[in-house]
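Listing of coords18.cif, mmCIF, C-alpha atoms
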```cif
data_input
loop_
_atom_site.label_atom_id
_atom_site.label_comp_id
_atom_site.auth_asym_id
_atom_site.auth_seq_id
_atom_site.Cartn_x
_atom_site.Cartn_y
_atom_site.Cartn_z
CA MET A 1 54.38 98.03 -51.67
CA LYS A 2 56.77 95.94 -53.72
CA ASP A 3 55.38 92.96 -55.65
CA VAL A 4 57.65 90.12 -56.73
CA ALA A 5 56.69 89.73 -60.39
CA SER A 6 58.24 86.31 -60.82
CA HIS A 7 56.43 84.87 -57.81
CA SER A 8 54.07 82.05 -58.77
CA ALA A 9 50.39 82.65 -58.08
CA ASP A 10 50.22 79.18 -56.53
CA ILE A 11 52.90 79.96 -53.91
CA MET A 12 51.57 81.96 -50.97
CA VAL A 13 54.60 81.81 -48.66
CA GLU A 14 58.23 81.48 -49.68
CA LEU A 15 61.33 81.51 -47.50
CA GLY A 16 64.67 81.50 -49.28
CA ASN A 17 67.95 80.87 -47.42
CA VAL A 18 66.69 82.51 -44.23
CA TRP A 19 69.19 82.90 -41.39
CA LYS A 20 68.50 84.23 -37.91
CA ILE A 21 71.49 84.69 -35.64
CA PHE A 22 70.93 86.32 -32.27
CA GLY A 23 73.71 88.49 -30.87
CA ASP A 24 75.62 91.73 -31.41
CA ARG A 25 78.05 90.09 -33.86
CA ALA A 26 75.47 88.29 -35.98
CA ASP A 27 76.79 89.52 -39.33
CA GLU A 28 80.35 88.52 -38.43
CA ALA A 29 79.12 85.12 -37.30
CA LEU A 30 77.19 84.55 -40.53
CA SER A 31 80.22 85.45 -42.64
CA ALA A 32 82.33 82.99 -40.65
CA ILE A 33 79.71 80.26 -41.01
CA ARG A 34 79.65 80.70 -44.77
CA ARG A 35 83.43 80.88 -45.00
CA GLU A 36 84.43 78.18 -42.52
CA GLY A 37 81.31 76.05 -42.01
CA LEU A 38 81.18 76.68 -38.26
CA THR A 39 78.85 74.63 -36.08
CA LYS A 40 76.24 76.16 -33.80
CA ALA A 41 78.48 75.50 -30.78
CA GLU A 42 81.49 77.12 -32.47
CA VAL A 43 79.44 80.23 -33.30
CA LEU A 44 78.39 80.56 -29.68
CA LYS A 45 81.97 80.16 -28.44
CA ARG A 46 83.65 82.52 -30.93
CA PHE A 47 81.02 85.21 -31.38
CA ASP A 48 78.70 84.81 -28.38
CA CYS A 49 75.86 84.43 -30.88
CA VAL A 50 73.05 81.89 -31.09
CA VAL A 51 71.98 80.42 -34.42
CA GLY A 52 68.19 80.28 -34.33
CA VAL A 53 67.49 79.50 -37.98
CA ALA A 54 70.10 78.24 -40.43
CA ASP A 55 69.65 78.63 -44.19
CA ALA A 56 65.96 77.66 -44.17
CA SER A 57 64.08 77.46 -47.46
CA PHE A 58 60.57 76.24 -48.32
CA GLN A 59 57.45 77.18 -50.23
CA VAL A 60 53.82 76.88 -49.12
CA ARG A 61 51.19 76.49 -51.78
CA ARG A 62 47.83 78.25 -51.84
CA GLY A 63 45.32 76.46 -49.60
CA GLU A 64 47.95 74.13 -48.12
CA ILE A 65 48.40 73.23 -44.45
CA PHE A 66 52.17 73.21 -44.07
CA CYS A 67 53.41 71.88 -40.72
CA VAL A 68 56.79 72.87 -39.32
CA MET A 69 57.78 70.53 -36.54
CA GLY A 70 60.68 69.74 -34.28
CA LEU A 71 61.66 69.34 -30.67
CA SER A 72 61.95 72.25 -28.25
CA GLY A 73 64.79 74.53 -29.36
CA SER A 74 64.71 73.34 -32.97
CA GLY A 75 63.91 76.84 -34.27
CA LYS A 76 60.37 76.25 -35.50
CA SER A 77 58.70 79.10 -33.54
CA THR A 78 61.58 81.42 -34.38
CA LEU A 79 61.12 80.56 -38.05
CA VAL A 80 57.39 81.26 -38.19
CA ARG A 81 57.83 84.71 -36.62
CA HIS A 82 59.85 85.77 -39.65
CA ILE A 83 56.88 85.31 -41.98
CA ASN A 84 55.06 88.34 -40.53
CA ARG A 85 58.36 89.98 -39.60
CA LEU A 86 57.91 89.84 -35.86
CA LEU A 87 61.55 88.85 -36.18
CA VAL A 88 63.88 90.30 -38.81
CA PRO A 89 66.18 87.74 -40.42
CA THR A 90 69.93 88.15 -40.45
CA ALA A 91 69.80 87.19 -44.12
CA GLY A 92 67.39 85.69 -46.62
CA LYS A 93 64.23 86.25 -48.63
CA ILE A 94 60.64 86.19 -47.35
CA VAL A 95 57.72 86.55 -49.77
CA VAL A 96 54.05 86.38 -48.74
CA ALA A 97 51.22 86.56 -51.28
CA GLY A 98 53.68 87.92 -53.83
CA GLN A 99 54.98 90.70 -51.57
CA ASP A 100 58.59 91.01 -50.48
CA ILE A 101 58.13 91.30 -46.72
CA MET A 102 61.64 92.63 -46.20
CA SER A 103 61.01 95.63 -48.49
CA LEU A 104 57.96 96.93 -46.60
CA GLY A 105 57.98 100.13 -44.61
CA PRO A 106 56.23 100.35 -41.18
CA ALA A 107 52.82 101.38 -42.57
CA GLU A 108 52.91 98.77 -45.32
CA LEU A 109 53.99 96.05 -42.89
CA LEU A 110 51.16 96.96 -40.51
CA LYS A 111 48.68 96.70 -43.38
CA VAL A 112 49.97 93.22 -44.29
CA ARG A 113 49.71 92.09 -40.67
CA ASN A 114 46.16 93.41 -40.44
CA SER A 115 44.83 92.04 -43.70
CA THR A 116 47.07 89.39 -45.30
CA ILE A 117 48.49 87.43 -42.34
CA ALA A 118 46.75 86.33 -39.13
CA MET A 119 48.48 84.59 -36.26
CA VAL A 120 47.11 82.23 -33.60
CA PHE A 121 49.27 81.70 -30.52
CA GLN A 122 49.41 78.89 -27.98
CA ASP A 123 48.47 81.23 -25.13
CA PHE A 124 45.24 82.41 -26.84
CA GLY A 125 46.11 86.12 -26.47
CA LEU A 126 42.57 87.14 -25.46
CA MET A 127 41.91 90.50 -23.80
CA PRO A 128 40.26 89.77 -20.41
CA HIS A 129 38.31 93.05 -20.28
CA ARG A 130 36.68 92.44 -23.67
CA THR A 131 33.79 90.14 -24.47
CA VAL A 132 34.31 87.17 -26.74
CA ARG A 133 32.68 89.06 -29.60
CA ASP A 134 34.92 92.09 -29.06
CA ASN A 135 38.00 89.87 -28.94
CA VAL A 136 37.08 88.27 -32.25
CA ALA A 137 36.30 91.66 -33.83
CA MET A 138 39.53 93.32 -32.68
CA PRO A 139 41.44 93.02 -36.00
CA LEU A 140 38.49 94.64 -37.78
CA GLU A 141 38.40 97.42 -35.21
CA ILE A 142 42.06 98.14 -35.96
CA ARG A 143 41.12 98.43 -39.63
CA GLY A 144 38.51 101.04 -38.76
CA LEU A 145 35.37 99.08 -39.64
CA SER A 146 32.10 100.16 -38.10
CA GLN A 147 30.86 98.39 -35.00
CA ASN A 148 27.96 96.86 -36.93
CA ALA A 149 30.25 95.48 -39.66
CA ARG A 150 32.80 94.03 -37.28
CA TRP A 151 30.19 92.50 -34.96
CA THR A 152 28.50 90.84 -37.93
CA ALA A 153 31.81 89.39 -39.10
CA ALA A 154 32.67 88.31 -35.54
CA GLN A 155 29.35 86.53 -35.14
CA ASP A 156 29.82 84.73 -38.44
CA ALA A 157 33.24 83.55 -37.27
CA LEU A 158 31.85 82.42 -33.91
CA ASP A 159 29.17 80.46 -35.76
CA LEU A 160 31.89 78.64 -37.72
CA VAL A 161 33.72 77.55 -34.56
CA GLU A 162 30.47 76.59 -32.81
CA LEU A 163 30.51 79.38 -30.23
CA SER A 164 27.41 81.22 -31.45
CA ALA A 165 25.91 81.70 -27.99
CA TRP A 166 29.09 82.84 -26.26
CA GLY A 167 29.64 86.27 -27.82
CA ASP A 168 28.68 88.23 -24.70
CA LYS A 169 30.80 86.16 -22.30
CA PHE A 170 34.30 87.04 -21.10
CA ALA A 171 37.40 84.90 -21.61
CA HIS A 172 37.58 83.68 -18.00
CA GLU A 173 34.11 82.16 -18.38
CA LEU A 174 35.30 79.83 -21.15
CA SER A 175 37.28 76.58 -20.98
CA GLY A 176 40.74 76.35 -22.49
CA GLY A 177 39.43 74.65 -25.61
CA MET A 178 36.75 77.29 -26.06
CA GLN A 179 39.29 80.08 -25.60
CA GLN A 180 41.45 78.55 -28.32
CA ARG A 181 38.44 78.47 -30.62
CA VAL A 182 37.94 82.18 -29.91
CA GLY A 183 41.52 82.76 -31.05
CA LEU A 184 40.79 80.79 -34.20
CA ALA A 185 37.57 82.75 -34.75
CA ARG A 186 39.53 85.99 -34.49
CA ALA A 187 41.86 84.81 -37.25
CA ILE A 188 38.87 83.78 -39.36
CA ALA A 189 37.12 87.14 -38.85
CA ALA A 190 40.26 88.92 -40.05
CA ASP A 191 39.78 87.03 -43.33
CA ALA A 192 43.55 86.86 -43.88
CA ASP A 193 44.98 84.89 -46.77
CA VAL A 194 47.66 83.27 -44.59
CA LEU A 195 47.28 81.79 -41.10
CA LEU A 196 50.30 81.34 -38.84
CA MET A 197 49.57 78.95 -35.99
CA ASP A 198 52.21 78.51 -33.30
CA GLU A 199 51.41 75.30 -31.38
CA PRO A 200 47.81 76.46 -30.91
CA PHE A 201 46.49 73.20 -29.46
CA SER A 202 49.46 71.93 -27.45
CA ALA A 203 48.15 73.11 -24.05
CA LEU A 204 44.83 71.28 -24.43
CA ASP A 205 43.86 67.81 -23.28
CA PRO A 206 44.02 65.06 -25.94
CA LEU A 207 40.28 64.78 -26.64
CA ILE A 208 39.73 68.53 -27.05
CA ARG A 209 42.92 68.75 -29.08
CA ARG A 210 41.76 66.11 -31.56
CA GLN A 211 38.35 67.79 -31.89
CA LEU A 212 39.98 71.14 -32.64
CA GLN A 213 42.36 69.55 -35.13
CA ASP A 214 39.40 68.09 -37.02
CA GLN A 215 37.51 71.37 -36.84
CA PHE A 216 40.50 73.36 -38.05
CA VAL A 217 41.18 71.07 -41.01
CA ALA A 218 37.53 71.31 -42.06
CA LEU A 219 37.50 75.11 -41.73
CA ALA A 220 40.81 75.55 -43.55
CA SER A 221 39.53 73.43 -46.42
CA LYS A 222 36.18 75.20 -46.56
CA MET A 223 37.73 78.67 -46.53
CA GLY A 224 40.78 77.85 -48.67
CA LYS A 225 43.22 79.25 -46.12
CA THR A 226 46.97 78.81 -46.49
CA THR A 227 48.39 77.75 -43.14
CA VAL A 228 51.83 77.44 -41.59
CA PHE A 229 51.25 75.29 -38.52
CA ILE A 230 53.95 74.91 -35.85
CA THR A 231 53.94 71.77 -33.71
CA HIS A 232 56.28 69.53 -31.72
CA ASP A 233 53.90 66.59 -32.14
CA LEU A 234 54.50 64.35 -35.16
CA ASP A 235 51.08 62.70 -34.77
CA GLU A 236 49.47 66.13 -35.06
CA ALA A 237 51.58 67.05 -38.08
CA VAL A 238 50.72 63.79 -39.85
CA ARG A 239 47.05 64.16 -38.97
CA ILE A 240 46.53 67.68 -40.33
CA GLY A 241 49.48 68.50 -42.61
CA ASP A 242 49.50 68.34 -46.39
CA ARG A 243 53.27 68.59 -46.11
CA ILE A 244 55.71 68.64 -43.21
CA ALA A 245 59.07 70.31 -42.64
CA ILE A 246 61.18 68.79 -39.86
CA MET A 247 63.67 71.07 -38.10
CA ARG A 248 66.71 70.33 -35.98
CA ASP A 249 69.08 72.93 -34.50
CA GLY A 250 67.63 75.63 -36.75
CA VAL A 251 68.00 73.55 -39.93
CA VAL A 252 65.15 72.23 -42.08
CA VAL A 253 66.38 68.65 -42.47
CA GLN A 254 63.50 67.28 -44.57
CA THR A 255 60.36 68.53 -46.28
CA GLY A 256 57.69 66.31 -47.79
CA THR A 257 54.25 64.77 -47.52
CA PRO A 258 53.51 62.72 -44.40
CA GLU A 259 53.95 59.60 -46.53
CA GLN A 260 57.36 60.74 -47.78
CA ILE A 261 58.55 61.70 -44.30
CA ILE A 262 57.43 58.42 -42.74
CA MET A 263 58.36 56.05 -45.57
CA LYS A 264 61.59 57.69 -46.73
CA PRO A 265 63.23 59.58 -43.83
CA ALA A 266 66.16 61.72 -44.96
CA ASP A 267 68.55 60.74 -42.17
CA ASP A 268 68.86 58.89 -38.88
CA TYR A 269 67.41 61.83 -36.94
CA VAL A 270 64.18 61.81 -38.96
CA SER A 271 64.12 58.02 -38.89
CA ASP A 272 64.27 58.04 -35.09
CA PHE A 273 61.67 60.78 -34.99
CA VAL A 274 59.14 58.79 -37.01
CA SER A 275 59.92 55.30 -35.70
CA GLY A 276 56.82 55.12 -33.50
CA ILE A 277 54.34 56.22 -36.15
CA SER A 278 52.07 53.61 -37.76
CA ARG A 279 52.35 53.64 -41.52
CA ILE A 280 48.95 52.03 -42.14
CA GLY A 281 47.24 55.36 -42.78
CA LEU A 282 50.12 56.73 -44.86
CA ILE A 283 50.86 54.09 -47.48
CA ARG A 284 49.07 55.02 -50.71
CA ALA A 285 47.69 52.87 -53.51
CA HIS A 286 50.24 54.04 -56.08
CA SER A 287 53.04 52.42 -54.07
CA LEU A 288 51.34 48.96 -54.14
CA LEU A 289 50.52 48.65 -57.84
CA VAL A 290 51.08 45.65 -60.06
CA PRO A 291 50.29 45.57 -63.82
CA ILE A 292 46.75 44.62 -64.80
CA GLU A 293 48.21 42.00 -67.15
CA THR A 294 49.48 39.99 -64.16
CA ILE A 295 45.95 39.09 -63.02
CA PRO A 296 45.21 35.48 -64.09
CA GLY A 297 42.12 35.39 -66.26
CA GLY A 298 41.94 39.18 -66.36
CA LEU A 299 40.01 41.57 -64.14
CA PRO A 300 36.46 40.78 -63.03
CA ALA A 301 33.93 43.19 -64.54
CA ASP A 302 32.80 44.26 -61.08
CA ALA A 303 36.30 45.04 -59.73
CA PRO A 304 36.18 48.23 -57.61
CA HIS A 305 38.03 51.35 -58.74
CA MET A 306 39.88 53.71 -56.38
CA SER A 307 42.25 56.65 -56.81
CA ARG A 308 46.05 56.53 -56.71
CA ASP A 309 46.08 58.43 -53.39
CA THR A 310 43.79 56.00 -51.56
CA THR A 311 45.32 54.95 -48.24
CA LEU A 312 46.18 51.37 -47.33
CA LYS A 313 43.54 51.51 -44.61
CA GLU A 314 40.86 52.40 -47.17
CA LEU A 315 42.10 49.72 -49.57
CA ILE A 316 41.86 47.05 -46.86
CA HIS A 317 38.29 48.13 -46.05
CA THR A 318 37.26 47.99 -49.72
CA SER A 319 38.98 44.64 -50.27
CA SER A 320 37.14 43.11 -47.32
CA GLN A 321 33.81 44.14 -48.85
CA HIS A 322 34.43 43.12 -52.46
CA ASN A 323 37.01 40.31 -52.35
CA ARG A 324 38.40 41.46 -55.71
CA PRO A 325 41.62 43.04 -56.95
CA ILE A 326 41.24 46.82 -56.78
CA VAL A 327 41.79 48.87 -59.93
CA ILE A 328 43.75 52.06 -59.26
CA ASP A 329 42.96 55.03 -61.48
CA GLY A 330 45.26 57.95 -62.21
CA ALA A 331 44.38 61.64 -62.22
CA ASP A 332 43.09 61.26 -65.78
CA GLY A 333 40.65 58.55 -64.71
CA GLN A 334 42.53 55.83 -66.61
CA PRO A 335 43.64 52.60 -64.86
CA MET A 336 47.27 52.66 -63.68
CA GLY A 337 47.35 49.12 -62.37
CA VAL A 338 45.79 46.99 -59.65
CA VAL A 339 46.29 46.21 -55.97
CA THR A 340 45.97 42.51 -55.19
CA HIS A 341 45.45 40.75 -51.86
CA SER A 342 49.13 39.82 -51.90
CA GLU A 343 50.20 43.44 -52.28
CA LEU A 344 47.81 44.48 -49.51
CA LEU A 345 49.43 41.97 -47.15
CA LYS A 346 52.89 43.28 -48.06
CA GLY A 347 51.65 46.81 -47.39
CA VAL A 348 50.30 45.77 -43.99
CA ILE A 349 53.67 44.24 -43.05
CA VAL A 350 55.48 47.45 -44.03
CA GLY A 351 52.81 49.56 -42.39
CA MET A 352 53.14 47.80 -39.05
CA ALA A 353 56.94 47.88 -39.01
CA ASP A 354 58.31 49.77 -35.97
CA ALA A 355 54.77 50.84 -35.08
#
```

Please express what this file holds, its structure, as structure tokens.
Amino acid sequence: MKDVASHSADIMVELGNVWKIFGDRADEALSAIRREGLTKAEVLKRFDCVVGVADASFQVRRGEIFCVMGLSGSGKSTLVRHINRLLVPTAGKIVVAGQDIMSLGPAELLKVRNSTIAMVFQDFGLMPHRTVRDNVAMPLEIRGLSQNARWTAAQDALDLVELSAWGDKFAHELSGGMQQRVGLARAIAADADVLLMDEPFSALDPLIRRQLQDQFVALASKMGKTTVFITHDLDEAVRIGDRIAIMRDGVVVQTGTPEQIIMKPADDYVSDFVSGISRIGLIRAHSLLVPIETIPGGLPADAPHMSRDTTLKELIHTSSQHNRPIVIDGADGQPMGVVTHSELLKGVIVGMADA
């Protein structure tokens, strides 16, 4: 199994200039794209090929929830299937946990899929003839673990997703939300370093969806899992993602934190995409700072302190309780500046724009 020596220990997933072109003349089409800058429509007309992913590059850090989002047909689900090589790219580099995925032979690739990467699909993928416990334990069965070991691990995973009493039931006896939690439990039981989640909650009703989002974020944080999460819902991406990549026509058009995506869209497409999102929960303290020296009479001794990443919503709540300028501290614990009532009002005006 080939390790990539230069790969940073903090980067768990890396895609470099990944292309996926579907069709018998994919290599010809890619050469023409690079040479002539052909559009997706021109590639289809000249080569009868479809560009699924176009020159996509990003890195996912250890323990990060990285959301890839876009409308139907944007290439997001195609992209994620390259990470565990369910699809083979036409060109590009794919590295997972320091391993060059494209260099792996069949046995090595199977081992990576069984131990390093777990995938949760939208359609649950549960086996109807197996109990819930057996469904959760299936990856461990493939590894050859004893029944006792895999059932113990499966029960632990079911406990985490609050399905402790449902191990002996069958899939058809569970609601859609419960079935999706079984799929999540199966990924947890596999104890993989990287989770790939392809629109796992999109078929659920809004209330159950929000509950599962909260549960997943808590579990991912507790277990330190690195996640690539596919969604077409910007609200979902903003709610759970540490960073977001927005795709259009196979191209990653912008990557950044939710705050960066919402506050500084890269182009008109992203701007239109995010126009309906409230910025109140995204604006951070560091963007509202004024120098401490500007406070007439200096800071009160009892002025509250908050971190540079505190949201506008949290700042407003604190300000309403203390009626003082808020001191903003940097990562080193030293004051960076203050947020005054005036700056809070400006932030609220920006935050409500286009909402």

Local residues around (52.8, 80.1, -34.1), at most 7 Å away, using only C-alpha atoms, as a tab-separated table (two decimals) with C-alpha atoms, keeping the file's coordinate frame:
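Below is the file that was written, result.tsv:
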```
chain	number	residue	atom	x	y	z
A	77	SER	CA	58.70	79.10	-33.54
A	80	VAL	CA	57.39	81.26	-38.19
A	119	MET	CA	48.48	84.59	-36.26
A	120	VAL	CA	47.11	82.23	-33.60
A	121	PHE	CA	49.27	81.70	-30.52
A	196	LEU	CA	50.30	81.34	-38.84
A	197	MET	CA	49.57	78.95	-35.99
A	198	ASP	CA	52.21	78.51	-33.30
A	199	GLU	CA	51.41	75.30	-31.38
A	200	PRO	CA	47.81	76.46	-30.91
A	229	PHE	CA	51.25	75.29	-38.52
A	230	ILE	CA	53.95	74.91	-35.85
```

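Each of A:Thr226, A:Gln334, A:Ser271, A:Ser287 was compared to Cys67 (chain A) using only C-alpha atoms, and A:Thr226 turns out to be the nearest.
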
Sorted per-residue table, region 158-234 of chain A near region 10-24 of chain A, closest atoms and distance, 10 Å, only C-alpha atoms, as a tab-separated table:
```
residue	atom	partner	partner_atom	distance
A:Asp193	CA	A:Met12	CA	8.3
A:Val194	CA	A:Met12	CA	7.6
A:Thr226	CA	A:Met12	CA	7.2
A:Thr227	CA	A:Val13	CA	9.2
A:Val228	CA	A:Val13	CA	8.8
```

Can you write out the residues you just picked, keeping C-alpha atoms, as a CSV table (one decimal), keeping the file's coordinate frame?
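File part_1.csv, as written:
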```csv
chain,number,residue,atom,x,y,z
A,193,ASP,CA,45.0,84.9,-46.8
A,194,VAL,CA,47.7,83.3,-44.6
A,226,THR,CA,47.0,78.8,-46.5
A,227,THR,CA,48.4,77.8,-43.1
A,228,VAL,CA,51.8,77.4,-41.6
```

Notebook entry, point to check: What is the distance between CA of Ile316 (chain A) and CA of Lys222 (chain A), in Å to one decimal?
Noted result: 28.7 Å

Checklist line | Matched chain/residue IDs from the PyMOL selection byres ((chain A and resi 183-192) around 8), as an NGL selection string | finding: :A and (114-121 or 124-126 or 135-140 or 153-154 or 156-158 or 160-161 or 179-182 or 193-195 or 225)

Once you have the residues from the selection above, write them out as a PDB file, keeping the file's coordinate frame, restricted to C-alpha atoms.
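Now in again.pdb:
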```pdb
ATOM      1  CA  ASN A 114      46.160  93.410 -40.440  1.00  0.00           C
ATOM      2  CA  SER A 115      44.830  92.040 -43.700  1.00  0.00           C
ATOM      3  CA  THR A 116      47.070  89.390 -45.300  1.00  0.00           C
ATOM      4  CA  ILE A 117      48.490  87.430 -42.340  1.00  0.00           C
ATOM      5  CA  ALA A 118      46.750  86.330 -39.130  1.00  0.00           C
ATOM      6  CA  MET A 119      48.480  84.590 -36.260  1.00  0.00           C
ATOM      7  CA  VAL A 120      47.110  82.230 -33.600  1.00  0.00           C
ATOM      8  CA  PHE A 121      49.270  81.700 -30.520  1.00  0.00           C
ATOM      9  CA  PHE A 124      45.240  82.410 -26.840  1.00  0.00           C
ATOM     10  CA  GLY A 125      46.110  86.120 -26.470  1.00  0.00           C
ATOM     11  CA  LEU A 126      42.570  87.140 -25.460  1.00  0.00           C
ATOM     12  CA  ASN A 135      38.000  89.870 -28.940  1.00  0.00           C
ATOM     13  CA  VAL A 136      37.080  88.270 -32.250  1.00  0.00           C
ATOM     14  CA  ALA A 137      36.300  91.660 -33.830  1.00  0.00           C
ATOM     15  CA  MET A 138      39.530  93.320 -32.680  1.00  0.00           C
ATOM     16  CA  PRO A 139      41.440  93.020 -36.000  1.00  0.00           C
ATOM     17  CA  LEU A 140      38.490  94.640 -37.780  1.00  0.00           C
ATOM     18  CA  ALA A 153      31.810  89.390 -39.100  1.00  0.00           C
ATOM     19  CA  ALA A 154      32.670  88.310 -35.540  1.00  0.00           C
ATOM     20  CA  ASP A 156      29.820  84.730 -38.440  1.00  0.00           C
ATOM     21  CA  ALA A 157      33.240  83.550 -37.270  1.00  0.00           C
ATOM     22  CA  LEU A 158      31.850  82.420 -33.910  1.00  0.00           C
ATOM     23  CA  LEU A 160      31.890  78.640 -37.720  1.00  0.00           C
ATOM     24  CA  VAL A 161      33.720  77.550 -34.560  1.00  0.00           C
ATOM     25  CA  GLN A 179      39.290  80.080 -25.600  1.00  0.00           C
ATOM     26  CA  GLN A 180      41.450  78.550 -28.320  1.00  0.00           C
ATOM     27  CA  ARG A 181      38.440  78.470 -30.620  1.00  0.00           C
ATOM     28  CA  VAL A 182      37.940  82.180 -29.910  1.00  0.00           C
ATOM     29  CA  ASP A 193      44.980  84.890 -46.770  1.00  0.00           C
ATOM     30  CA  VAL A 194      47.660  83.270 -44.590  1.00  0.00           C
ATOM     31  CA  LEU A 195      47.280  81.790 -41.100  1.00  0.00           C
ATOM     32  CA  LYS A 225      43.220  79.250 -46.120  1.00  0.00           C
TER      33      LYS A 225
END
```

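Put simply, CA of Ser221 (chain A) is 20.8 Å away from CA of Leu234 (chain A).
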
Next item on the list: Would you list the contacts of Leu344 (chain A) as a list in words, taking every protein, DNA or RNA residue within 9 Å and counting all atoms listed in the file, but skipping same-chain residues closer than 3 positions in sequence?
Entry: Leu288, Leu312, Leu315, Ile316, Ser319, Val339, Thr340, His341, Gly347, Val348 and Ile349 of chain A

Notebook entry, point to check: Rounded to one decimal in Å, what is the spacing between CA of Phe201 (chain A) and CA of Lys93 (chain A)?
Noted result: 29.2 Å

Next item on the list: Show which residues sit within 10 Å of region 327-331 of chain A, as a PyMOL selection string. Count all atoms listed in the file, and ignore same-chain residues fewer than 4 positions away.
Entry: chain A and resi 285-286+288-292+299+303-310+335-340

Please produce an output containing C-alpha atoms for each residue in the selection, written as a tab-separated table (two decimals), in the frame of the given file.
```tsv
chain	number	residue	atom	x	y	z
A	285	ALA	CA	47.69	52.87	-53.51
A	286	HIS	CA	50.24	54.04	-56.08
A	288	LEU	CA	51.34	48.96	-54.14
A	289	LEU	CA	50.52	48.65	-57.84
A	290	VAL	CA	51.08	45.65	-60.06
A	291	PRO	CA	50.29	45.57	-63.82
A	292	ILE	CA	46.75	44.62	-64.80
A	299	LEU	CA	40.01	41.57	-64.14
A	303	ALA	CA	36.30	45.04	-59.73
A	304	PRO	CA	36.18	48.23	-57.61
A	305	HIS	CA	38.03	51.35	-58.74
A	306	MET	CA	39.88	53.71	-56.38
A	307	SER	CA	42.25	56.65	-56.81
A	308	ARG	CA	46.05	56.53	-56.71
A	309	ASP	CA	46.08	58.43	-53.39
A	310	THR	CA	43.79	56.00	-51.56
A	335	PRO	CA	43.64	52.60	-64.86
A	336	MET	CA	47.27	52.66	-63.68
A	337	GLY	CA	47.35	49.12	-62.37
A	338	VAL	CA	45.79	46.99	-59.65
A	339	VAL	CA	46.29	46.21	-55.97
A	340	THR	CA	45.97	42.51	-55.19
```

Check: Which residues, written as a PyMOL selection string, have at least one atom at most 9 Å from Ile101 (chain A), with all atoms listed in the file counted and residues fewer than 5 positions away on the same chain left out?
Finding: chain A and resi 2+83-85+93-96+109+112

Checklist line | Output of the PyMOL selection byres ((chain A and resi 71) around 10), listed as an MDAnalysis selection string | finding: chainID A and resid 69:70 72:76 231:234 246:249 273

Next item on the list: Determine the nearest neighbour of Asn148 (chain A) from the options A:Arg133, A:Lys40, A:Arg209, A:Arg324, counting only C-alpha atoms.
Entry: A:Arg133

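Among A:Leu87, A:Ala29, A:Ala220, A:Ile295, the residue with the shortest atom-to-atom distance to Ser342 (chain A), counting only C-alpha atoms, is A:Ile295.
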
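Taking only C-alpha atoms into account, Val51 (chain A) lies nearest to A:Asp27 out of the set A:Asp205, A:Asp134, A:Asp27, A:Asp242.
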
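Residues having any atom no farther than 10 Å from (76.7, 82.0, -34.8) (counting all atoms listed in the file) are Lys20, Ile21, Phe22, Gly23, Arg25, Ala26, Asp27, Glu28, Ala29, Leu30, Ser31, Ala32, Ile33, Leu38, Thr39, Lys40, Ala41, Glu42, Val43, Leu44, Lys45, Arg46, Phe47, Asp48, Cys49, Val50, Val51, Gly52 and Ala54 of chain A.
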
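Every residue that the PyMOL selection byres ((chain A and resi 266) around 12) selects in this file is listed here: Ala245, Ile246, Met247, Val252, Val253, Gln254, Thr255, Gly256, Gln260, Ile261, Ile262, Met263, Lys264, Pro265, Asp267, Asp268, Tyr269, Val270, Ser271, Asp272, Phe273 and Val274 of chain A.
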
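Proximity of A:Pro300, A:Leu212, A:Thr131, A:Lys346 to Ile326 (chain A), computed with all atoms listed in the file, is greatest for A:Pro300.
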